[in-house]
file query.cif (mmCIF, C-alpha atoms and all ligand atoms)
data_final
loop_
_atom_site.label_atom_id
_atom_site.label_comp_id
_atom_site.auth_asym_id
_atom_site.auth_seq_id
_atom_site.Cartn_x
_atom_site.Cartn_y
_atom_site.Cartn_z
CA VAL A 1 -12.85 7.29 10.68
CA PRO A 2 -9.80 5.04 10.23
CA SER A 3 -7.01 5.61 12.74
CA HIS A 4 -4.36 5.81 10.03
CA ARG A 5 -3.95 6.73 6.45
CA LEU A 6 -2.46 3.57 5.00
CA ALA A 7 -0.54 3.28 1.76
CA LYS A 8 -2.04 0.99 -0.83
CA ILE A 9 -0.42 -0.63 -3.84
CA GLU A 10 -1.68 -3.14 -6.35
CA ILE A 11 0.57 -5.56 -8.17
CA ASP A 12 -1.45 -7.52 -10.68
CA ASP A 13 -4.30 -8.83 -8.57
CA ILE A 14 -2.54 -8.59 -5.22
CA GLU A 15 -3.21 -5.61 -3.01
CA ILE A 16 -0.70 -4.59 -0.34
CA THR A 17 -1.67 -2.01 2.22
CA GLY A 18 0.16 -0.68 5.24
CA TYR A 19 2.32 1.87 6.95
CA SER A 20 6.06 1.67 7.49
CA VAL A 21 8.43 4.29 8.84
CA ALA A 22 11.65 3.21 10.55
CA GLY A 23 11.57 3.50 14.32
CA GLU A 24 7.97 4.65 14.25
CA GLU A 25 5.69 1.92 13.03
CA THR A 26 5.56 -0.97 10.57
CA VAL A 27 2.43 -2.89 9.59
CA VAL A 28 1.91 -4.47 6.14
CA ALA A 29 -1.25 -6.34 5.17
CA VAL A 30 -2.35 -8.54 2.27
CA PRO A 31 -6.12 -8.42 2.90
CA GLN A 32 -7.18 -10.91 0.22
CA LEU A 33 -4.87 -13.55 1.72
CA ASN A 34 -6.16 -12.66 5.20
CA VAL A 35 -2.62 -11.92 6.43
CA CYS A 36 -1.09 -8.98 8.25
CA PHE A 37 2.70 -8.87 8.67
CA ASP A 38 3.66 -7.16 11.93
CA ILE A 39 1.06 -5.01 13.64
CA GLY A 40 2.62 -1.61 14.22
CA LYS A 41 0.18 0.39 16.33
CA ALA A 42 -2.79 -1.69 15.12
CA PRO A 43 -4.48 0.62 12.58
CA ASP A 44 -8.26 0.06 12.34
CA GLN A 45 -8.05 -1.20 8.76
CA VAL A 46 -6.16 -4.37 9.73
CA ILE A 47 -8.11 -5.40 12.85
CA SER A 48 -10.43 -7.69 10.89
CA ILE A 49 -7.56 -9.62 9.28
CA ASP A 50 -7.47 -13.05 10.96
CA ASN A 51 -3.78 -13.97 10.70
CA LEU A 52 -1.08 -11.82 12.23
CA LEU A 53 2.47 -12.88 11.35
CA LEU A 54 5.08 -11.25 13.60
CA THR A 55 8.71 -11.14 12.52
CA HIS A 56 10.43 -9.91 15.70
CA GLY A 57 9.77 -8.19 18.98
CA HIS A 58 10.82 -4.59 18.33
CA MET A 59 8.23 -2.11 19.54
CA ASP A 60 7.66 -0.41 16.16
CA HIS A 61 6.43 -3.80 14.84
CA THR A 62 4.53 -5.16 17.87
CA ALA A 63 3.16 -2.25 19.92
CA GLY A 64 -0.46 -2.81 18.80
CA ILE A 65 -0.68 -6.53 19.62
CA ALA A 66 -2.99 -6.27 22.65
CA TYR A 67 -5.18 -3.66 20.98
CA TYR A 68 -5.54 -5.84 17.87
CA LEU A 69 -6.67 -8.84 19.92
CA SER A 70 -8.84 -6.89 22.34
CA HIS A 71 -10.58 -4.95 19.59
CA ARG A 72 -11.41 -8.16 17.73
CA ASN A 73 -12.93 -9.57 20.89
CA PHE A 74 -14.83 -6.35 21.58
CA SER A 75 -16.37 -6.36 18.09
CA GLY A 76 -17.37 -10.02 18.27
CA GLN A 77 -14.71 -11.44 15.97
CA THR A 78 -12.82 -14.69 16.55
CA PRO A 79 -9.51 -14.34 18.39
CA GLY A 80 -6.83 -13.58 15.86
CA THR A 81 -4.21 -16.19 15.14
CA VAL A 82 -0.80 -14.75 15.96
CA LEU A 83 2.29 -16.42 14.55
CA ALA A 84 5.54 -15.40 16.22
CA PRO A 85 9.01 -16.80 16.88
CA GLN A 86 8.72 -19.29 19.73
CA GLU A 87 10.85 -17.23 22.14
CA LEU A 88 8.41 -14.30 21.88
CA LEU A 89 5.31 -16.23 22.86
CA GLU A 90 5.80 -15.88 26.61
CA PRO A 91 6.41 -12.11 26.68
CA ILE A 92 3.55 -11.60 24.21
CA GLN A 93 1.23 -13.59 26.49
CA GLN A 94 2.39 -11.48 29.45
CA ILE A 95 1.55 -8.27 27.60
CA ILE A 96 -1.88 -9.63 26.65
CA ASP A 97 -2.53 -10.74 30.24
CA ALA A 98 -1.41 -7.39 31.67
CA HIS A 99 -3.73 -5.52 29.29
CA GLY A 100 -6.52 -7.90 30.24
CA ILE A 101 -6.02 -6.91 33.89
CA LEU A 102 -5.91 -3.20 33.04
CA ASP A 103 -9.07 -3.57 30.99
CA GLY A 104 -10.94 -5.78 33.44
CA ASN A 105 -11.64 -8.36 30.74
CA PRO A 106 -9.32 -11.19 29.72
CA ILE A 107 -8.21 -10.94 26.05
CA PRO A 108 -8.51 -14.17 24.07
CA ALA A 109 -5.61 -15.03 21.78
CA ASN A 110 -4.46 -17.93 19.68
CA LEU A 111 -0.66 -17.80 19.72
CA VAL A 112 1.31 -20.11 17.45
CA ALA A 113 5.04 -20.71 17.82
CA VAL A 114 7.00 -20.38 14.60
CA ARG A 115 10.38 -21.84 13.73
CA PRO A 116 12.45 -21.24 10.59
CA GLY A 117 11.53 -23.77 7.92
CA GLY A 118 8.10 -24.34 9.46
CA GLU A 119 4.89 -24.07 7.42
CA TYR A 120 1.56 -22.81 8.67
CA ARG A 121 -1.77 -23.13 6.91
CA ILE A 122 -3.51 -19.82 6.28
CA LYS A 123 -6.21 -20.92 3.83
CA PRO A 124 -6.85 -24.35 2.29
CA ASN A 125 -4.34 -23.62 -0.49
CA ILE A 126 -2.20 -20.87 1.08
CA PHE A 127 0.68 -21.53 3.47
CA ALA A 128 3.09 -19.27 5.31
CA ARG A 129 6.65 -20.57 5.34
CA ALA A 130 8.98 -19.00 7.88
CA PHE A 131 12.68 -18.40 7.34
CA ALA A 132 15.42 -17.06 9.61
CA THR A 133 16.54 -13.44 9.18
CA PRO A 134 19.65 -11.90 10.71
CA HIS A 135 18.13 -8.95 12.60
CA SER A 136 17.31 -9.58 16.25
CA ARG A 137 17.52 -12.89 18.12
CA ASN A 138 15.22 -15.44 16.47
CA SER A 139 13.75 -12.98 13.98
CA VAL A 140 12.00 -14.50 10.96
CA GLY A 141 10.50 -13.56 7.62
CA TYR A 142 7.58 -15.24 5.87
CA THR A 143 6.64 -16.32 2.36
CA LEU A 144 2.99 -16.88 1.46
CA ILE A 145 2.89 -19.85 -0.87
CA GLU A 146 -0.01 -21.03 -2.97
CA LYS A 147 -0.07 -24.79 -3.40
CA ARG A 148 -1.77 -26.23 -6.44
CA LYS A 149 -2.00 -29.56 -8.12
CA LYS A 150 -1.13 -29.56 -11.78
CA LEU A 151 -1.82 -32.19 -14.39
CA LYS A 152 1.37 -34.00 -15.42
CA PRO A 153 2.33 -33.01 -18.97
CA GLU A 154 1.82 -36.54 -20.33
CA TYR A 155 -1.88 -36.34 -19.39
CA THR A 156 -2.75 -32.84 -20.62
CA LYS A 157 -4.23 -34.12 -23.91
CA LEU A 158 -6.62 -36.58 -22.25
CA THR A 159 -10.38 -36.01 -22.15
CA GLY A 160 -12.34 -35.61 -18.91
CA PRO A 161 -13.65 -39.20 -18.86
CA GLN A 162 -10.15 -40.58 -19.57
CA ILE A 163 -8.80 -38.64 -16.59
CA VAL A 164 -11.61 -39.93 -14.38
CA GLU A 165 -10.70 -43.46 -15.49
CA LEU A 166 -7.01 -42.99 -14.57
CA LYS A 167 -8.02 -41.59 -11.18
CA LYS A 168 -10.22 -44.64 -10.59
CA GLN A 169 -7.21 -46.84 -11.25
CA GLY A 170 -5.38 -44.90 -8.53
CA ILE A 171 -2.86 -43.39 -10.92
CA GLU A 172 -1.22 -40.17 -9.73
CA ILE A 173 -2.10 -37.83 -12.59
CA ASP A 174 -0.96 -34.55 -11.13
CA TYR A 175 2.03 -33.12 -9.29
CA PRO A 176 2.27 -30.51 -6.54
CA LEU A 177 3.06 -26.98 -7.65
CA GLU A 178 4.19 -24.21 -5.31
CA ILE A 179 3.73 -20.58 -6.26
CA PRO A 180 5.45 -18.15 -3.88
CA LEU A 181 3.21 -15.07 -3.91
CA VAL A 182 4.41 -12.62 -1.29
CA THR A 183 7.55 -12.59 0.85
CA TYR A 184 7.89 -10.26 3.82
CA CYS A 185 11.35 -10.00 5.37
CA GLY A 186 10.55 -7.55 8.16
CA ASP A 187 13.63 -5.79 9.52
CA THR A 188 16.87 -7.43 8.51
CA GLU A 189 20.20 -7.11 6.86
CA PRO A 190 20.62 -9.36 3.82
CA GLY A 191 21.59 -12.87 4.84
CA ASP A 192 21.29 -16.51 3.86
CA PHE A 193 17.58 -16.07 3.20
CA THR A 194 18.48 -14.25 -0.03
CA LYS A 195 19.67 -17.64 -1.31
CA LEU A 196 16.28 -19.27 -0.75
CA GLU A 197 14.60 -19.95 -4.06
CA PHE A 198 11.05 -19.39 -2.81
CA VAL A 199 12.12 -15.97 -1.49
CA MET A 200 13.89 -14.77 -4.61
CA ASN A 201 11.18 -16.22 -6.90
CA SER A 202 8.36 -14.74 -4.89
CA LYS A 203 6.12 -12.64 -7.07
CA ILE A 204 6.35 -9.78 -4.57
CA LEU A 205 9.25 -9.24 -2.19
CA ILE A 206 8.66 -6.81 0.65
CA THR A 207 11.88 -5.85 2.35
CA GLU A 208 13.38 -2.99 4.26
CA CYS A 209 16.02 -0.49 3.26
CA THR A 210 16.55 1.82 6.22
CA PHE A 211 19.84 3.62 5.43
CA TYR A 212 20.97 5.49 2.30
CA THR A 213 24.14 7.48 2.95
CA LYS A 214 27.81 6.58 3.39
CA ASP A 215 27.97 7.79 6.96
CA HIS A 216 25.14 5.42 7.87
CA ILE A 217 26.89 2.22 6.75
CA SER A 218 28.10 1.48 10.28
CA ARG A 219 24.68 2.26 11.76
CA ALA A 220 23.06 -0.18 9.35
CA LYS A 221 25.57 -2.87 10.39
CA ALA A 222 25.14 -2.18 14.10
CA GLY A 223 21.35 -2.38 13.95
CA LYS A 224 21.40 -5.25 11.41
CA HIS A 225 19.43 -3.27 8.89
CA THR A 226 19.71 -3.07 5.10
CA HIS A 227 21.74 -0.25 3.57
CA LEU A 228 21.43 1.12 0.03
CA ASN A 229 24.79 -0.53 -0.77
CA ASP A 230 23.23 -3.96 -0.10
CA LEU A 231 20.58 -3.55 -2.78
CA PRO A 232 22.65 -4.23 -5.95
CA ASP A 233 23.52 -7.74 -4.69
CA LEU A 234 19.96 -8.38 -3.66
CA MET A 235 18.62 -7.21 -7.02
CA ARG A 236 21.09 -9.39 -8.92
CA ASN A 237 19.64 -12.53 -7.30
CA SER A 238 16.07 -11.32 -7.42
CA LYS A 239 13.59 -12.81 -9.86
CA ASN A 240 10.75 -11.03 -8.11
CA GLN A 241 8.28 -9.24 -10.29
CA CYS A 242 8.19 -6.41 -7.79
CA ILE A 243 10.25 -5.38 -4.76
CA VAL A 244 8.42 -3.27 -2.22
CA LEU A 245 10.76 -1.25 -0.01
CA ILE A 246 9.70 -0.39 3.52
CA HIS A 247 11.18 1.03 6.75
CA ILE A 248 12.52 4.29 5.31
CA SER A 249 12.96 6.88 8.06
CA GLN A 250 10.97 10.08 8.08
CA ARG A 251 14.23 12.02 7.95
CA THR A 252 15.48 10.23 4.84
CA GLY A 253 12.25 10.72 2.90
CA ILE A 254 11.23 8.78 -0.20
CA GLY A 255 12.37 11.44 -2.67
CA PHE A 256 15.92 11.26 -1.37
CA ALA A 257 15.83 7.45 -1.13
CA ARG A 258 14.78 7.18 -4.77
CA LYS A 259 17.48 9.60 -5.86
CA MET A 260 20.12 7.52 -4.08
CA LEU A 261 18.70 4.30 -5.54
CA LYS A 262 19.26 5.66 -9.05
CA LYS A 263 22.97 5.89 -8.31
CA VAL A 264 23.44 2.19 -7.59
CA LEU A 265 20.81 0.34 -9.63
CA ALA A 266 20.24 -0.26 -13.33
CA ALA A 267 17.09 1.05 -15.01
CA GLU A 268 15.55 -2.42 -15.26
CA GLN A 269 16.11 -2.94 -11.54
CA LEU A 270 14.70 0.46 -10.60
CA ASP A 271 11.66 -0.38 -12.65
CA ARG A 272 10.79 -3.27 -10.34
CA ILE A 273 11.13 -1.27 -7.13
CA ILE A 274 8.28 0.46 -5.41
CA PHE A 275 8.20 2.33 -2.11
CA LEU A 276 5.21 1.31 0.00
CA MET A 277 4.80 4.79 1.41
CA GLU A 278 4.18 6.36 -1.96
CA HIS A 279 0.43 6.38 -1.40
CA ASN A 280 -2.13 5.01 -3.81
CA LYS A 281 0.32 3.94 -6.46
CA ARG A 282 -0.90 1.50 -9.04
CA ARG A 283 1.13 -0.88 -11.11
CA ARG A 284 0.15 -2.92 -14.14
ZN ZN B 1 11.71 -1.67 12.70
ZN ZN B 2 13.70 -4.23 14.30
#
call {"tool": "encode", "arguments": {"input": "query.cif", "output": "structure tokens"}}
result
Amino acid sequence: VPSHRLAKIEIDDIEITGYSVAGEETVVAVPQLNVCFDIGKAPDQVISIDNLLLTHGHMDHTAGIAYYLSHRNFSGQTPGTVLAPQELLEPIQQIIDAHGILDGNPIPANLVAVRPGGEYRIKPNIFARAFATPHSRNSVGYTLIEKRKKLKPEYTKLTGPQIVELKKQGIEIDYPLEIPLVTYCGDTEPGDFTKLEFVMNSKILITECTFYTKDHISRAKAGKHTHLNDLPDLMRNSKNQCIVLIHISQRTGIGFARKMLKKVLAAEQLDRIIFLMEHNKRRR
């Protein structure tokens, strides 16, 4: 029996699954890309995902780290690869070591330091690019980018043998193409990252919106979280096919959040927004 009931959404051929409630737990996985963003309390369904990409150290996003690694070891899987901002690596290692002592067995881990602008290979053609987010010290978000080679337009009419011939002559017949598939911002207020093309062109943008009422504007600012009032600007720059909102508090509730969203966004913009925690929703 799985430890959690996770939400699941499908956007074209990309499935996103996870759980996200502000202050409680946030974990968002893209199983087919073998990536889990943040770990929350390590629900069973994400343990077998090999790449864990942590955005920042807050407990609601990292509490399950030792369990994730230990459970993989216990069930004979390879140690997970954990990407995290460089400054978090030492305290993460300390937590893993302490749990290893409690457990009586050391917990293997493959920790990788991340810096904004850095790129990390996930699969042969899929890379995670990190970018800085203004939330906690050194927090980051990630974009999963597919890299392809595409035939230059001047060669598209050539036959197979002609192309082989050009290749033999050492002529560069294709150019690199980057397709940003999924961006995960973690916790953050909007910042410079909303000017990054690969973020705003990402097919799917997963971002938080924690606060929805006027009297919470100052709380959003203090905690460096996104407020409803920030969304119109974000949506204006967004070319994302779909924006997945996470980190809504239990007290706010999705019904209320949606009602408030209708007050500040145009119909076309609302149409592209989906709340992760609306379970089992399907799109296109
Ligand atoms: Zn959080
Ligand atoms: Zn946080």
call {"tool": "residues_near_ligand", "arguments": {"input": "query.cif", "ligand": "ligand ZN 1 (chain B)", "cutoff": "8 Å", "atoms": "only C-alpha atoms and all ligand atoms", "output": "list of chain:residue names"}}
result
A:Val21, A:Ala22, A:Gly23, A:Glu24, A:Glu25, A:Thr26, A:His58, A:Met59, A:Asp60, A:His61, A:Gly186, A:Asp187, A:His247
call {"tool": "write_last_selection", "arguments": {"input": "query.cif", "atoms": "C-alpha atoms", "output": "PDB file, keeping the file's coordinate frame"}}
result
ATOM      1  CA  VAL A  21       8.430   4.290   8.840  1.00  0.00           C
ATOM      2  CA  ALA A  22      11.650   3.210  10.550  1.00  0.00           C
ATOM      3  CA  GLY A  23      11.570   3.500  14.320  1.00  0.00           C
ATOM      4  CA  GLU A  24       7.970   4.650  14.250  1.00  0.00           C
ATOM      5  CA  GLU A  25       5.690   1.920  13.030  1.00  0.00           C
ATOM      6  CA  THR A  26       5.560  -0.970  10.570  1.00  0.00           C
ATOM      7  CA  HIS A  58      10.820  -4.590  18.330  1.00  0.00           C
ATOM      8  CA  MET A  59       8.230  -2.110  19.540  1.00  0.00           C
ATOM      9  CA  ASP A  60       7.660  -0.410  16.160  1.00  0.00           C
ATOM     10  CA  HIS A  61       6.430  -3.800  14.840  1.00  0.00           C
ATOM     11  CA  GLY A 186      10.550  -7.550   8.160  1.00  0.00           C
ATOM     12  CA  ASP A 187      13.630  -5.790   9.520  1.00  0.00           C
ATOM     13  CA  HIS A 247      11.180   1.030   6.750  1.00  0.00           C
TER      14      HIS A 247
END
call {"tool": "residues_around", "arguments": {"input": "query.cif", "residues": "A:Glu146", "least_positions_apart": "3", "cutoff": "10 Å", "atoms": "only C-alpha atoms", "output": "list in words"}}
result
Ile122, Lys123, Pro124, Asn125, Ile126, Phe127, Ala128, Thr143, Leu177, Glu178, Ile179, Pro180, Leu181 and Val182 of chain A
call {"tool": "residues_around", "arguments": {"input": "query.cif", "residues": "stretch 77-79 of chain A", "least_positions_apart": "2", "cutoff": "7 Å", "atoms": "all atoms listed in the file", "output": "list of chain:residue names"}}
result
A:Leu69, A:Arg72, A:Asn73, A:Ser75, A:Thr81, A:Pro108, A:Ala109, A:Asn110
call {"tool": "closest_residue", "arguments": {"input": "query.cif", "among": "A:Leu89, A:Ala220, A:Met200, A:Leu265", "to": "ligand ZN 2 (chain B)", "atoms": "all atoms listed in the file"}}
result
A:Ala220
call {"tool": "atom_distance", "arguments": {"input": "query.cif", "atom1": "atom CA of A:Cys209", "atom2": "atom CA of A:Ile248"}}
result
6.3 Å
call {"tool": "atom_distance", "arguments": {"input": "query.cif", "atom1": "atom CA of A:Thr194", "atom2": "atom CA of A:Leu234"}}
result
7.1 Å
call {"tool": "closest_residue", "arguments": {"input": "query.cif", "among": "A:Ala66, A:Leu88, A:Leu54, A:Leu83", "to": "A:Asp103", "atoms": "all atoms listed in the file"}}
result
A:Ala66
call {"tool": "residues_near_point", "arguments": {"input": "query.cif", "point": "(3.8, -23.2, 15.4)", "cutoff": "12 Å", "atoms": "all atoms listed in the file", "output": "JSON, numbers by chain"}}
result
{"A": [53, 81, 82, 83, 84, 85, 86, 87, 88, 89, 110, 111, 112, 113, 114, 115, 116, 117, 118, 119, 120, 121, 128, 129, 130]}
call {"tool": "atom_distance", "arguments": {"input": "query.cif", "atom1": "atom CA of A:Leu228", "atom2": "atom CA of A:Tyr212"}}
result
4.9 Å
call {"tool": "residues_near_point", "arguments": {"input": "query.cif", "point": "(8.1, -2.7, 0.2)", "cutoff": "6 Å", "atoms": "only C-alpha atoms", "output": "list of chain:residue names"}}
result
A:Ile206, A:Thr207, A:Val244, A:Leu245, A:Ile246, A:Phe275, A:Leu276
call {"tool": "closest_residue", "arguments": {"input": "query.cif", "among": "A:Gln93, A:Thr226, A:Asn105, A:Thr188", "to": "ligand ZN 2 (chain B)", "atoms": "all atoms listed in the file"}}
result
A:Thr188
call {"tool": "closest_residue", "arguments": {"input": "query.cif", "among": "A:Pro134, A:Gly170, A:Pro232, A:Gly40", "to": "A:Gly191", "atoms": "all atoms listed in the file"}}
result
A:Pro134
call {"tool": "closest_residue", "arguments": {"input": "query.cif", "among": "A:Gly223, A:Pro153, A:Pro161, A:Pro176", "to": "ligand ZN 2 (chain B)", "atoms": "all atoms listed in the file"}}
result
A:Gly223
call {"tool": "residues_around", "arguments": {"input": "query.cif", "residues": "A:Tyr68", "least_positions_apart": "6", "cutoff": "9 Å", "atoms": "all atoms listed in the file", "output": "PDB file with C-alpha atoms, in the frame of the given file"}}
result
ATOM      1  CA  ILE A  39       1.060  -5.010  13.640  1.00  0.00           C
ATOM      2  CA  LYS A  41       0.180   0.390  16.330  1.00  0.00           C
ATOM      3  CA  ALA A  42      -2.790  -1.690  15.120  1.00  0.00           C
ATOM      4  CA  PRO A  43      -4.480   0.620  12.580  1.00  0.00           C
ATOM      5  CA  ASP A  44      -8.260   0.060  12.340  1.00  0.00           C
ATOM      6  CA  VAL A  46      -6.160  -4.370   9.730  1.00  0.00           C
ATOM      7  CA  ILE A  47      -8.110  -5.400  12.850  1.00  0.00           C
ATOM      8  CA  SER A  48     -10.430  -7.690  10.890  1.00  0.00           C
ATOM      9  CA  GLY A  80      -6.830 -13.580  15.860  1.00  0.00           C
TER      10      GLY A  80
END
call {"tool": "closest_residue", "arguments": {"input": "query.cif", "among": "A:Tyr67, A:Gly160, A:Leu166, A:Gly76", "to": "A:Ala98", "atoms": "only C-alpha atoms"}}
result
A:Tyr67
call {"tool": "residues_around", "arguments": {"input": "query.cif", "residues": "A:Gly141", "least_positions_apart": "2", "cutoff": "6 Å", "atoms": "all atoms listed in the file", "output": "PyMOL selection string"}}
result
chain A and resi 55+130-131+184-185
